[in-house]
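Undergrad: Next comes input03.txt, compact mmCIF, C-alpha atoms:
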# COMPACT_ATOMS: atom_id res chain seq x y z
CA MET A 222 -9.02 30.99 20.66
CA ARG A 223 -5.96 32.23 18.79
CA LEU A 224 -4.11 28.99 19.58
CA LEU A 225 -7.11 26.92 18.44
CA ASN A 226 -7.35 28.83 15.18
CA SER A 227 -3.62 28.40 14.63
CA TRP A 228 -3.93 24.64 15.19
CA LEU A 229 -6.87 24.40 12.77
CA VAL A 230 -4.84 26.11 10.06
CA VAL A 231 -2.07 23.57 10.58
CA LEU A 232 -4.57 20.68 10.50
CA ILE A 233 -6.28 21.90 7.34
CA GLU A 234 -2.97 22.16 5.51
CA ASP A 235 -1.16 19.18 7.06
CA TRP A 236 -2.27 16.63 4.46
CA ARG A 237 -0.28 18.59 1.85
CA ASN A 238 2.87 17.12 3.39
CA GLY A 239 1.86 13.84 1.79
CA GLY A 240 -0.32 14.86 -1.13
CA PHE A 241 -3.65 13.55 -2.38
CA GLY A 242 -4.46 10.20 -3.96
CA LEU A 243 -7.29 7.94 -5.06
CA TYR A 244 -7.44 4.23 -4.19
CA ILE A 245 -9.88 1.98 -6.10
CA HIS A 246 -10.40 -1.54 -4.75
CA TRP A 247 -11.28 -4.41 -7.08
CA PRO A 248 -12.10 -7.30 -4.73
CA PHE A 249 -12.07 -10.25 -7.10
CA CYS A 250 -9.38 -12.89 -7.63
CA GLU A 251 -9.00 -16.13 -9.55
CA ALA A 252 -8.08 -17.88 -6.29
CA LYS A 253 -7.60 -16.97 -2.63
CA CYS A 254 -3.96 -17.26 -1.57
CA PRO A 255 -3.51 -18.98 1.82
CA TYR A 256 -1.42 -16.12 3.30
CA CYS A 257 -3.71 -13.30 2.11
CA ASP A 258 -5.83 -11.30 4.56
CA PHE A 259 -6.91 -8.68 2.03
CA ASN A 260 -10.59 -8.18 1.31
CA SER A 261 -10.74 -10.43 -1.75
CA TYR A 262 -13.18 -12.97 -3.16
CA VAL A 263 -13.14 -15.63 -5.85
CA ASN A 264 -15.76 -14.83 -8.47
CA SER A 265 -15.52 -15.67 -12.17
CA ASN A 266 -18.85 -14.07 -13.09
CA VAL A 267 -18.64 -10.34 -12.39
CA ASP A 268 -21.13 -7.92 -13.96
CA THR A 269 -18.69 -5.14 -14.81
CA GLN A 270 -21.49 -2.81 -15.89
CA ILE A 271 -22.96 -2.81 -12.38
CA TRP A 272 -19.51 -2.25 -10.89
CA GLU A 273 -18.80 0.59 -13.26
CA HIS A 274 -21.92 2.47 -12.16
CA ALA A 275 -21.22 1.85 -8.48
CA LEU A 276 -17.54 2.83 -8.55
CA ILE A 277 -18.25 5.99 -10.51
CA SER A 278 -21.06 6.88 -8.11
CA GLU A 279 -18.70 6.58 -5.15
CA LEU A 280 -16.00 8.51 -6.96
CA ASP A 281 -18.49 11.33 -7.64
CA ARG A 282 -19.60 11.38 -4.01
CA HIS A 283 -16.09 11.78 -2.66
CA ALA A 284 -15.25 14.43 -5.21
CA GLN A 285 -17.84 16.72 -3.65
CA LEU A 286 -15.80 16.70 -0.43
CA THR A 287 -12.45 17.38 -2.07
CA LYS A 288 -13.08 19.90 -4.84
CA GLY A 289 -10.17 21.76 -6.36
CA ARG A 290 -7.43 19.38 -5.28
CA LEU A 291 -4.37 18.34 -7.24
CA LEU A 292 -4.45 14.57 -7.77
CA ASN A 293 -1.00 13.03 -7.29
CA SER A 294 -1.83 9.37 -7.79
CA ILE A 295 -4.43 6.73 -8.59
CA PHE A 296 -3.95 3.17 -7.39
CA PHE A 297 -6.00 0.18 -8.55
CA GLY A 298 -5.58 -2.46 -5.83
CA GLY A 299 -7.25 -5.66 -4.84
CA GLY A 300 -7.98 -8.43 -5.17
CA THR A 301 -6.65 -8.62 -8.69
CA PRO A 302 -7.42 -5.42 -10.59
CA SER A 303 -5.66 -6.75 -13.69
CA LEU A 304 -8.85 -8.81 -14.08
CA MET A 305 -10.72 -5.56 -14.72
CA PRO A 306 -11.55 -4.68 -18.33
CA PRO A 307 -9.17 -1.94 -19.51
CA SER A 308 -12.22 0.02 -20.68
CA LEU A 309 -13.46 0.23 -17.08
CA VAL A 310 -10.05 1.35 -15.84
CA GLU A 311 -10.04 4.07 -18.49
CA LYS A 312 -13.52 5.30 -17.54
CA LEU A 313 -12.55 5.59 -13.89
CA ILE A 314 -9.36 7.49 -14.71
CA LEU A 315 -11.19 9.91 -16.99
CA ARG A 316 -13.88 10.44 -14.35
CA ALA A 317 -11.21 11.24 -11.76
CA TYR A 318 -9.73 13.79 -14.18
CA GLU A 319 -13.13 15.45 -14.46
CA HIS A 320 -13.17 16.05 -10.71
CA TRP A 321 -9.55 16.76 -9.85
CA THR A 322 -6.60 18.28 -11.67
CA PRO A 323 -4.04 15.56 -12.39
CA ALA A 324 -0.48 16.42 -11.43
CA ASN A 325 1.94 16.68 -14.32
CA ASP A 326 3.76 13.64 -12.95
CA ILE A 327 0.67 11.74 -11.79
CA GLU A 328 1.33 8.10 -11.01
CA ILE A 329 -1.37 5.61 -11.99
CA THR A 330 -0.61 2.13 -10.69
CA LEU A 331 -2.42 -1.14 -11.33
CA GLU A 332 -1.68 -4.35 -9.45
CA ALA A 333 -1.41 -7.43 -11.61
CA ASN A 334 -0.95 -11.16 -11.33
CA PRO A 335 1.48 -12.66 -13.82
CA SER A 336 -0.74 -15.04 -15.74
CA SER A 337 -0.32 -14.90 -19.49
CA VAL A 338 -3.97 -13.96 -20.02
CA GLU A 339 -3.65 -10.86 -17.83
CA ALA A 340 -0.29 -9.91 -19.33
CA LYS A 341 -1.96 -9.62 -22.73
CA GLN A 342 -4.11 -6.83 -21.31
CA PHE A 343 -1.13 -4.63 -20.46
CA SER A 344 -1.36 -2.80 -23.77
CA GLY A 345 -4.99 -2.02 -22.98
CA PHE A 346 -4.13 -0.71 -19.53
CA GLN A 347 -1.37 1.45 -20.98
CA ALA A 348 -3.83 2.95 -23.47
CA ALA A 349 -6.27 3.53 -20.58
CA GLY A 350 -3.74 5.76 -18.82
CA VAL A 351 -1.99 3.38 -16.43
CA ASN A 352 1.72 4.26 -16.26
CA ARG A 353 2.96 1.89 -13.54
CA VAL A 354 2.27 -1.77 -12.76
CA SER A 355 2.98 -3.74 -9.62
CA ILE A 356 3.18 -7.49 -10.24
CA GLY A 357 2.55 -10.03 -7.50
CA ILE A 358 5.23 -12.60 -8.30
CA GLN A 359 5.91 -13.57 -4.62
CA ALA A 360 8.48 -16.32 -5.32
CA LEU A 361 11.01 -17.24 -7.99
CA ASN A 362 10.81 -21.00 -7.71
CA ASN A 363 7.88 -23.16 -8.70
CA LEU A 364 7.74 -25.30 -5.56
CA ASP A 365 7.28 -22.28 -3.30
CA LEU A 366 4.82 -20.68 -5.70
CA LYS A 367 2.68 -23.79 -5.28
CA LYS A 368 3.02 -23.65 -1.48
CA LEU A 369 1.90 -20.01 -1.57
CA GLY A 370 -1.18 -20.94 -3.59
CA ARG A 371 -0.09 -18.97 -6.64
CA LEU A 372 -1.52 -19.98 -10.02
CA HIS A 373 1.47 -18.95 -12.14
CA SER A 374 4.88 -20.47 -12.78
CA VAL A 375 8.26 -18.75 -12.78
CA ASP A 376 8.27 -18.81 -16.59
CA GLU A 377 4.88 -17.09 -16.67
CA ALA A 378 6.15 -14.48 -14.21
CA MET A 379 9.19 -13.76 -16.39
CA ALA A 380 6.97 -13.47 -19.46
CA ALA A 381 4.64 -11.07 -17.67
CA LEU A 382 7.58 -8.94 -16.57
CA GLU A 383 8.89 -8.80 -20.11
CA VAL A 384 5.52 -7.66 -21.43
CA ALA A 385 5.20 -5.12 -18.62
CA HIS A 386 8.58 -3.58 -19.42
CA ARG A 387 7.55 -3.22 -23.05
CA HIS A 388 4.51 -1.16 -22.08
CA PHE A 389 5.48 0.71 -18.90
CA ASP A 390 8.49 2.74 -17.85
CA ARG A 391 7.77 1.96 -14.21
CA VAL A 392 7.44 -1.66 -13.15
CA SER A 393 7.54 -3.09 -9.63
CA PHE A 394 7.12 -6.62 -8.37
CA ASP A 395 6.59 -8.26 -4.99
CA LEU A 396 8.44 -11.12 -3.35
CA ILE A 397 7.75 -12.83 -0.04
CA TYR A 398 10.64 -14.21 1.99
CA GLY A 399 10.83 -16.07 5.29
CA ARG A 400 8.81 -18.83 3.66
CA GLN A 401 8.52 -22.45 4.74
CA ASP A 402 11.85 -24.33 4.60
CA GLN A 403 13.61 -21.33 3.01
CA SER A 404 17.28 -20.98 3.89
CA LEU A 405 19.30 -17.78 3.84
CA SER A 406 21.33 -19.06 0.90
CA SER A 407 18.23 -19.91 -1.15
CA TRP A 408 16.81 -16.45 -0.43
CA ALA A 409 20.15 -14.94 -1.47
CA THR A 410 19.94 -16.70 -4.83
CA GLU A 411 16.37 -15.57 -5.33
CA LEU A 412 17.05 -11.97 -4.32
CA GLU A 413 20.05 -11.74 -6.65
CA MET A 414 17.88 -13.01 -9.48
CA ALA A 415 15.21 -10.45 -8.63
CA ILE A 416 17.74 -7.61 -8.67
CA SER A 417 19.13 -8.80 -12.01
CA LEU A 418 15.68 -8.34 -13.56
CA ASN A 419 16.27 -4.60 -13.16
CA SER A 420 12.72 -3.41 -12.52
CA GLY A 421 13.82 -0.38 -10.52
CA HIS A 422 11.43 -1.14 -7.66
CA LEU A 423 11.06 -4.19 -5.44
CA SER A 424 8.58 -4.80 -2.62
CA LEU A 425 10.13 -7.44 -0.36
CA TYR A 426 7.96 -8.67 2.51
CA GLN A 427 8.63 -11.16 5.24
CA LEU A 428 5.86 -13.75 5.39
CA THR A 429 3.40 -12.84 8.12
CA ILE A 430 0.90 -15.41 9.36
CA GLU A 431 -2.34 -13.45 9.64
CA PRO A 432 -5.37 -14.55 11.70
CA GLY A 433 -8.30 -15.73 9.62
CA THR A 434 -6.18 -16.87 6.67
CA ALA A 435 -5.64 -20.47 5.59
CA PHE A 436 -2.06 -20.21 6.82
CA GLY A 437 -3.36 -18.83 10.11
CA TYR A 438 -5.63 -21.82 10.63
CA ARG A 439 -2.87 -24.26 9.67
CA SER A 440 -0.43 -22.57 12.02
CA ASN A 441 -2.89 -22.76 14.92
CA ALA A 442 -3.32 -26.46 14.20
CA GLY A 443 0.45 -27.00 14.18
CA LYS A 444 0.42 -27.84 10.46
CA LEU A 445 2.61 -25.05 9.09
CA ALA A 446 6.10 -26.44 9.56
CA GLY A 447 9.41 -25.00 8.45
CA LEU A 448 8.88 -21.32 9.18
CA PRO A 449 12.10 -19.46 10.07
CA ASN A 450 12.99 -18.81 13.69
CA GLU A 451 13.61 -15.30 15.00
CA ASP A 452 17.34 -15.37 14.30
CA LEU A 453 16.94 -16.52 10.70
CA SER A 454 14.23 -13.93 10.10
CA ALA A 455 16.56 -11.22 11.41
CA ASP A 456 19.39 -12.49 9.21
CA MET A 457 17.13 -12.44 6.15
CA PHE A 458 16.00 -8.89 6.90
CA GLU A 459 19.58 -7.68 7.34
CA PHE A 460 20.79 -9.50 4.23
CA THR A 461 17.95 -8.06 2.16
CA ASN A 462 18.82 -4.51 3.17
CA GLU A 463 22.54 -4.95 2.62
CA THR A 464 22.17 -6.65 -0.75
CA CYS A 465 19.72 -4.08 -2.10
CA ALA A 466 21.96 -1.23 -0.91
CA ILE A 467 24.96 -2.69 -2.74
CA ALA A 468 22.81 -2.97 -5.88
CA GLY A 469 21.84 0.70 -5.66
CA LEU A 470 18.29 0.08 -4.49
CA ASN A 471 17.42 2.54 -1.73
CA SER A 472 15.48 1.12 1.21
CA TYR A 473 13.18 4.11 1.27
CA GLU A 474 10.60 2.18 3.31
CA VAL A 475 10.89 -0.91 5.50
CA SER A 476 9.77 -3.33 2.77
CA ASN A 477 10.30 -1.24 -0.37
CA PHE A 478 13.47 -0.68 -2.38
CA SER A 479 13.93 1.47 -5.44
CA SER A 480 16.30 3.17 -7.82
CA GLU A 481 16.32 6.95 -7.54
CA GLY A 482 13.01 8.45 -8.66
CA MET A 483 11.23 5.08 -8.83
CA GLU A 484 9.59 5.20 -5.39
CA SER A 485 5.85 4.51 -5.20
CA LYS A 486 4.23 7.95 -5.08
CA HIS A 487 0.91 6.52 -3.98
CA ASN A 488 2.28 4.61 -1.03
CA LEU A 489 4.30 7.67 -0.03
CA ILE A 490 0.98 9.48 0.40
CA TYR A 491 0.06 6.91 3.06
CA TRP A 492 3.42 6.94 4.78
CA MET A 493 3.71 10.74 4.74
CA GLY A 494 0.23 11.36 6.14
CA GLY A 495 -1.47 12.69 3.03
CA ASP A 496 -5.15 12.49 2.11
CA TYR A 497 -6.58 9.69 0.00
CA VAL A 498 -10.03 8.67 -1.16
CA GLY A 499 -10.76 4.96 -0.80
CA ILE A 500 -13.58 3.44 -2.85
CA GLY A 501 -14.68 -0.15 -3.36
CA PRO A 502 -15.46 -2.92 -0.83
CA GLY A 503 -13.21 -2.74 2.21
CA ALA A 504 -11.31 0.34 1.04
CA HIS A 505 -9.98 2.77 3.65
CA GLY A 506 -9.48 6.50 3.28
CA ARG A 507 -8.11 9.54 5.10
CA LEU A 508 -9.65 12.92 4.33
CA THR A 509 -9.24 16.36 5.82
CA VAL A 510 -12.67 17.99 5.51
CA ASN A 511 -14.38 20.81 7.43
CA ASN A 512 -11.47 21.25 9.85
CA GLN A 513 -11.44 17.55 10.71
CA ARG A 514 -9.23 14.59 9.90
CA LEU A 515 -11.55 11.75 8.89
CA ALA A 516 -10.87 8.01 8.78
CA THR A 517 -13.25 6.29 6.38
CA ASN A 518 -13.88 2.65 5.62
CA THR A 519 -16.33 0.87 3.38
CA ILE A 520 -18.57 -2.20 3.58
CA LEU A 521 -16.53 -5.40 3.21
CA SER A 522 -18.91 -7.67 1.32
CA PRO A 523 -19.04 -6.89 -2.42
CA GLY A 524 -22.77 -7.57 -2.59
CA ALA A 525 -23.57 -5.49 0.48
CA TRP A 526 -21.32 -2.70 -0.79
CA LEU A 527 -23.19 -2.64 -4.10
CA ASP A 528 -26.52 -2.53 -2.22
CA GLY A 529 -25.26 0.35 -0.10
CA VAL A 530 -24.30 2.37 -3.16
CA LYS A 531 -27.57 1.54 -4.92
CA PHE A 532 -30.06 1.99 -2.09
CA LYS A 533 -28.28 4.35 0.33
CA SER A 534 -26.13 6.27 -2.18
CA SER A 535 -23.03 5.24 -0.24
CA GLY A 536 -20.85 2.18 0.19
CA GLU A 537 -19.36 3.69 3.32
CA ASN A 538 -19.41 1.63 6.48
CA ASN A 539 -18.03 4.12 8.98
CA ARG A 540 -16.56 7.60 9.22
CA GLU A 541 -14.57 8.54 12.30
CA VAL A 542 -13.16 11.90 13.30
CA LEU A 543 -9.58 11.30 14.44
CA SER A 544 -8.52 12.89 17.71
CA LYS A 545 -5.29 14.87 17.92
CA ASN A 546 -3.59 11.88 19.54
CA ASP A 547 -4.88 9.43 16.93
CA HIS A 548 -3.77 11.69 14.09
CA ALA A 549 -0.30 12.12 15.63
CA ASN A 550 -0.01 8.38 16.29
CA GLU A 551 -0.78 7.62 12.67
CA LEU A 552 1.99 9.99 11.60
CA ILE A 553 4.36 8.10 13.90
CA MET A 554 3.24 4.62 12.77
CA MET A 555 3.42 5.41 9.08
CA GLY A 556 6.28 7.90 9.01
CA LEU A 557 8.78 5.80 10.93
CA ARG A 558 8.49 3.16 8.21
CA LEU A 559 10.32 5.60 5.93
CA LYS A 560 14.08 5.79 5.80
CA ASP A 561 13.83 9.60 6.07
CA GLY A 562 11.68 9.30 9.20
CA ILE A 563 9.20 11.81 10.57
CA SER A 564 9.26 15.45 11.56
CA GLN A 565 9.11 15.67 15.34
CA SER A 566 7.76 19.22 15.21
CA ARG A 567 4.98 18.16 12.82
CA VAL A 568 3.88 15.38 15.15
CA GLU A 569 3.98 17.68 18.18
CA THR A 570 2.03 20.40 16.38
CA ILE A 571 -0.74 17.95 15.48
CA ALA A 572 -0.82 16.40 18.97
CA GLN A 573 -0.49 19.79 20.69
CA LYS A 574 1.93 18.27 23.17
CA CYS A 575 5.58 17.28 23.38
CA MET A 576 6.68 13.92 22.05
CA TYR A 577 8.45 11.72 24.59
CA ILE A 578 11.37 9.80 23.14
CA PRO A 579 12.67 7.20 25.62
CA PRO A 580 16.45 7.75 25.99
CA ASP A 581 17.21 4.04 25.65
CA LEU A 582 15.97 4.05 22.03
CA THR A 583 18.72 6.46 21.02
CA GLU A 584 21.32 5.09 23.42
CA LEU A 585 20.87 1.60 21.96
CA GLY A 586 21.20 2.98 18.43
CA LEU A 587 17.62 2.21 17.43
CA LEU A 588 16.57 5.82 16.75
CA GLU A 589 18.49 8.88 15.61
CA MET A 590 17.62 12.55 15.16
CA SER A 591 18.91 14.48 12.15
CA ASP A 592 17.77 17.92 10.92
CA GLY A 593 14.59 17.69 12.98
CA LEU A 594 13.71 14.26 11.58
CA LEU A 595 13.35 11.26 13.84
CA LYS A 596 14.53 8.12 12.07
CA ALA A 597 14.76 4.44 12.83
CA THR A 598 18.26 3.10 12.23
CA THR A 599 18.82 -0.13 10.32
CA SER A 600 18.84 -1.97 13.66
CA GLY A 601 15.76 -0.08 14.76
CA ARG A 602 13.79 -0.93 11.64
CA ALA A 603 14.05 -4.60 12.54
CA LEU A 604 12.24 -3.76 15.83
CA LEU A 605 9.95 -1.11 14.46
CA ASN A 606 6.67 -2.28 15.98
CA GLN A 607 8.12 -2.26 19.49
CA ILE A 608 9.67 1.18 18.97
CA ILE A 609 6.43 2.67 17.69
CA GLN A 610 4.55 1.41 20.74
CA LYS A 611 6.96 3.32 22.98
CA LEU A 612 6.55 6.56 21.02
CA MET A 613 2.78 6.76 20.66
CA PHE A 614 0.71 9.25 22.65
Would you put the structure from the file into structure tokens?
TA:
Amino acid sequence: MRLLNSWLVVLIEDWRNGGFGLYIHWPFCEAKCPYCDFNSYVNSNVDTQIWEHALISELDRHAQLTKGRLLNSIFFGGGTPSLMPPSLVEKLILRAYEHWTPANDIEITLEANPSSVEAKQFSGFQAAGVNRVSIGIQALNNLDLKKLGRLHSVDEAMAALEVAHRHFDRVSFDLIYGRQDQSLSSWATELEMAISLNSGHLSLYQLTIEPGTAFGYRSNAGKLAGLPNEDLSADMFEFTNETCAIAGLNSYEVSNFSSEGMESKHNLIYWMGGDYVGIGPGAHGRLTVNNQRLATNTILSPGAWLDGVKFKSSGENNREVLSKNDHANELIMMGLRLKDGISQSRVETIAQKCMYIPPDLTELGLLEMSDGLLKATTSGRALLNQIIQKLMF
């Protein structure tokens, strides 16, 4: 019994290693990108009043489970949350402040697409309380933007970045590499241009062909030519890391690079095993409540989610109690994405068993142990999925 009580104390407090955040999902976009597998929908006629009531209702419901917490971050994701009225964003932020105490350095991020119409709203989002924007640029040449199904041009992206820098101290933008017919030299030119824009934070993702997307269907039909082979993909990954390091951008996570102090606090909550409330269609959450680690997810369809909130007082689809193994495995999966790695003792305490580290992973230089932290090396990060599979309980 003493050991069980000791473990429960550790579990109850463990989320503090990552902090506490709020994720709000806005599922609507102007168009569905062919590579995107996010829960997003094209809808130009959204009744924001109905959505305001529903989102606030869900926010209130979750607040009853997490009273008294310090709120480290709020993240408006999507979809395209820059399509939201700034007045709605402000109401949701103020409501969150009524329930939780905002940290002195709270990060409030809003994802945006770089169309000129949305860029004009940046002043409104700043006034609403947003202090960080993440812009989905994805490519820095117009031909590839068209292939990726993006609605903006490079000029519009540059204009949006300029406006963002005028309103926010913290600006990040995304690029996708490993695209169709992209050479290492063309990616080098693009990456150097991205770094010269001096945003302080870059999210750089290799293109992944996801099932159920337009690209997925084209790939299955043999109609997605020009994707890089394994060697070129590896070269691009290595070049990206080396180039960003030379430029002073720390690869603090596999796909994220930042100047010192510009890391995404919200995403760090995920990667460090913190707690986060997820509201909106398709949003996921992790909450430590009543001595249990809960995995929550919500109804995918916007209409069905609204009906759930209205008629059942909940948009939740499922709530699962994570086992010790599942909790520990999540710490491994998320934590090894970080350059600083994971605490072996933390994982073992949660799992209540020793962690087996295959000797070949260290002998081959894929993993290293330093000050009790297990880290993937640069070589190991290129093979991270395979390494994680070997470490999981």
Undergrad: Counting all atoms listed in the file, figure out which residue out of A:Leu425, A:Leu372, A:Arg400, A:Ile500 gets nearest to Gly299 in chain A.
TA: A:Ile500
Undergrad: One decimal, Å: what's the distance from CA of Pro306 in chain A over to CA of Pro255 in chain A, could you say?
TA: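 About the pair CA of Pro306 in chain A and CA of Pro255 in chain A: they are 26.0 Å apart.
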Undergrad: With distances taken over all atoms listed in the file, which of A:Ile327, A:Leu291, A:Ala275, A:Leu405 is nearest to Phe532 in chain A?
TA: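 Closest residue, counting all atoms listed in the file: A:Ala275.
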Undergrad: Anything within 7 Å of (-7.2, 2.9, -20.6): list those residues as a ChimeraX atom specification, counting only C-alpha atoms and sticking to the file's coordinates.
TA: /A:307-308,310-311,345-351
Undergrad: Let's have the selection written as a CSV table (one decimal), in the frame of the given file, with C-alpha atoms.
TA:
chain,number,residue,atom,x,y,z
A,307,PRO,CA,-9.2,-1.9,-19.5
A,308,SER,CA,-12.2,0.0,-20.7
A,310,VAL,CA,-10.0,1.4,-15.8
A,311,GLU,CA,-10.0,4.1,-18.5
A,345,GLY,CA,-5.0,-2.0,-23.0
A,346,PHE,CA,-4.1,-0.7,-19.5
A,347,GLN,CA,-1.4,1.4,-21.0
A,348,ALA,CA,-3.8,3.0,-23.5
A,349,ALA,CA,-6.3,3.5,-20.6
A,350,GLY,CA,-3.7,5.8,-18.8
A,351,VAL,CA,-2.0,3.4,-16.4
Undergrad: Between CA of Lys574 in chain A and CA of Ala603 in chain A, what is the distance, to one decimal in Å?
TA: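 These two atoms are separated by 28.0 Å.
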Undergrad: Show me, as number ranges by chain, the residues that have an atom within 9 Å of Phe614 in chain A when counting all atoms listed in the file, minus same-chain residues fewer than 5 positions from it.
TA: A: 546-547, 549-550, 572, 576-577
Undergrad: May I ask which of the residues A:Ser294, A:Asn462, A:Thr429, A:Thr287 is the closest one to Asp258 in chain A, counting all atoms listed in the file?
TA: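 Of A:Ser294, A:Asn462, A:Thr429, A:Thr287, the one nearest Asp258 in chain A is A:Thr429, counting all atoms listed in the file.
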Undergrad: Let me make sure I understand: among A:Thr464, A:Ser479, A:Asn488, A:Ser420, which one has the smallest atom-to-atom distance to Asn293 in chain A if we use only C-alpha atoms?
TA: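 Closest to Asn293 in chain A of all the choices is A:Asn488.
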Undergrad: Reconstruct N, CA, C and O atoms of range 310-326 of chain A from the incomplete input and present them as a PDB file, in the frame of the given file.
TA:
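Result file follows (part04.pdb):
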ATOM      1  N   VAL A 310     -11.163   0.594 -16.425  1.00  0.00           N
ATOM      2  CA  VAL A 310     -10.050   1.350 -15.840  1.00  0.00           C
ATOM      3  C   VAL A 310      -9.975   2.735 -16.474  1.00  0.00           C
ATOM      4  O   VAL A 310      -9.819   3.748 -15.785  1.00  0.00           O
ATOM      5  N   GLU A 311     -10.114   2.788 -17.786  1.00  0.00           N
ATOM      6  CA  GLU A 311     -10.040   4.070 -18.490  1.00  0.00           C
ATOM      7  C   GLU A 311     -11.177   5.008 -18.063  1.00  0.00           C
ATOM      8  O   GLU A 311     -10.963   6.199 -17.833  1.00  0.00           O
ATOM      9  N   LYS A 312     -12.383   4.466 -17.931  1.00  0.00           N
ATOM     10  CA  LYS A 312     -13.520   5.300 -17.540  1.00  0.00           C
ATOM     11  C   LYS A 312     -13.319   5.889 -16.145  1.00  0.00           C
ATOM     12  O   LYS A 312     -13.663   7.056 -15.895  1.00  0.00           O
ATOM     13  N   LEU A 313     -12.773   5.104 -15.249  1.00  0.00           N
ATOM     14  CA  LEU A 313     -12.550   5.590 -13.890  1.00  0.00           C
ATOM     15  C   LEU A 313     -11.451   6.660 -13.862  1.00  0.00           C
ATOM     16  O   LEU A 313     -11.563   7.659 -13.138  1.00  0.00           O
ATOM     17  N   ILE A 314     -10.424   6.479 -14.645  1.00  0.00           N
ATOM     18  CA  ILE A 314      -9.360   7.490 -14.710  1.00  0.00           C
ATOM     19  C   ILE A 314      -9.901   8.793 -15.280  1.00  0.00           C
ATOM     20  O   ILE A 314      -9.654   9.882 -14.731  1.00  0.00           O
ATOM     21  N   LEU A 315     -10.650   8.697 -16.365  1.00  0.00           N
ATOM     22  CA  LEU A 315     -11.190   9.910 -16.990  1.00  0.00           C
ATOM     23  C   LEU A 315     -12.167  10.619 -16.050  1.00  0.00           C
ATOM     24  O   LEU A 315     -12.214  11.857 -16.003  1.00  0.00           O
ATOM     25  N   ARG A 316     -12.942   9.828 -15.294  1.00  0.00           N
ATOM     26  CA  ARG A 316     -13.880  10.440 -14.350  1.00  0.00           C
ATOM     27  C   ARG A 316     -13.116  11.184 -13.247  1.00  0.00           C
ATOM     28  O   ARG A 316     -13.509  12.278 -12.827  1.00  0.00           O
ATOM     29  N   ALA A 317     -12.035  10.577 -12.775  1.00  0.00           N
ATOM     30  CA  ALA A 317     -11.210  11.240 -11.760  1.00  0.00           C
ATOM     31  C   ALA A 317     -10.660  12.556 -12.308  1.00  0.00           C
ATOM     32  O   ALA A 317     -10.615  13.566 -11.593  1.00  0.00           O
ATOM     33  N   TYR A 318     -10.268  12.570 -13.565  1.00  0.00           N
ATOM     34  CA  TYR A 318      -9.730  13.790 -14.180  1.00  0.00           C
ATOM     35  C   TYR A 318     -10.792  14.877 -14.320  1.00  0.00           C
ATOM     36  O   TYR A 318     -10.465  16.064 -14.360  1.00  0.00           O
ATOM     37  N   GLU A 319     -12.052  14.462 -14.407  1.00  0.00           N
ATOM     38  CA  GLU A 319     -13.130  15.450 -14.460  1.00  0.00           C
ATOM     39  C   GLU A 319     -13.286  16.184 -13.132  1.00  0.00           C
ATOM     40  O   GLU A 319     -13.679  17.339 -13.085  1.00  0.00           O
ATOM     41  N   HIS A 320     -12.959  15.484 -12.047  1.00  0.00           N
ATOM     42  CA  HIS A 320     -13.170  16.050 -10.710  1.00  0.00           C
ATOM     43  C   HIS A 320     -11.938  16.751 -10.148  1.00  0.00           C
ATOM     44  O   HIS A 320     -12.063  17.744  -9.431  1.00  0.00           O
ATOM     45  N   TRP A 321     -10.773  16.213 -10.421  1.00  0.00           N
ATOM     46  CA  TRP A 321      -9.550  16.760  -9.850  1.00  0.00           C
ATOM     47  C   TRP A 321      -8.549  17.055 -10.964  1.00  0.00           C
ATOM     48  O   TRP A 321      -8.583  16.426 -12.027  1.00  0.00           O
ATOM     49  N   THR A 322      -7.644  17.966 -10.697  1.00  0.00           N
ATOM     50  CA  THR A 322      -6.600  18.280 -11.670  1.00  0.00           C
ATOM     51  C   THR A 322      -5.451  17.294 -11.507  1.00  0.00           C
ATOM     52  O   THR A 322      -4.842  17.224 -10.431  1.00  0.00           O
ATOM     53  N   PRO A 323      -5.139  16.511 -12.530  1.00  0.00           N
ATOM     54  CA  PRO A 323      -4.040  15.560 -12.390  1.00  0.00           C
ATOM     55  C   PRO A 323      -2.694  16.281 -12.364  1.00  0.00           C
ATOM     56  O   PRO A 323      -2.457  17.217 -13.129  1.00  0.00           O
ATOM     57  N   ALA A 324      -1.827  15.864 -11.474  1.00  0.00           N
ATOM     58  CA  ALA A 324      -0.480  16.420 -11.430  1.00  0.00           C
ATOM     59  C   ALA A 324       0.241  16.093 -12.736  1.00  0.00           C
ATOM     60  O   ALA A 324      -0.063  15.093 -13.403  1.00  0.00           O
ATOM     61  N   ASN A 325       1.187  16.932 -13.092  1.00  0.00           N
ATOM     62  CA  ASN A 325       1.940  16.680 -14.320  1.00  0.00           C
ATOM     63  C   ASN A 325       2.649  15.334 -14.287  1.00  0.00           C
ATOM     64  O   ASN A 325       2.832  14.693 -15.325  1.00  0.00           O
ATOM     65  N   ASP A 326       3.053  14.925 -13.096  1.00  0.00           N
ATOM     66  CA  ASP A 326       3.760  13.640 -12.950  1.00  0.00           C
ATOM     67  C   ASP A 326       2.888  12.615 -12.239  1.00  0.00           C
ATOM     68  O   ASP A 326       3.387  11.768 -11.497  1.00  0.00           O
TER      69      ASP A 326
END
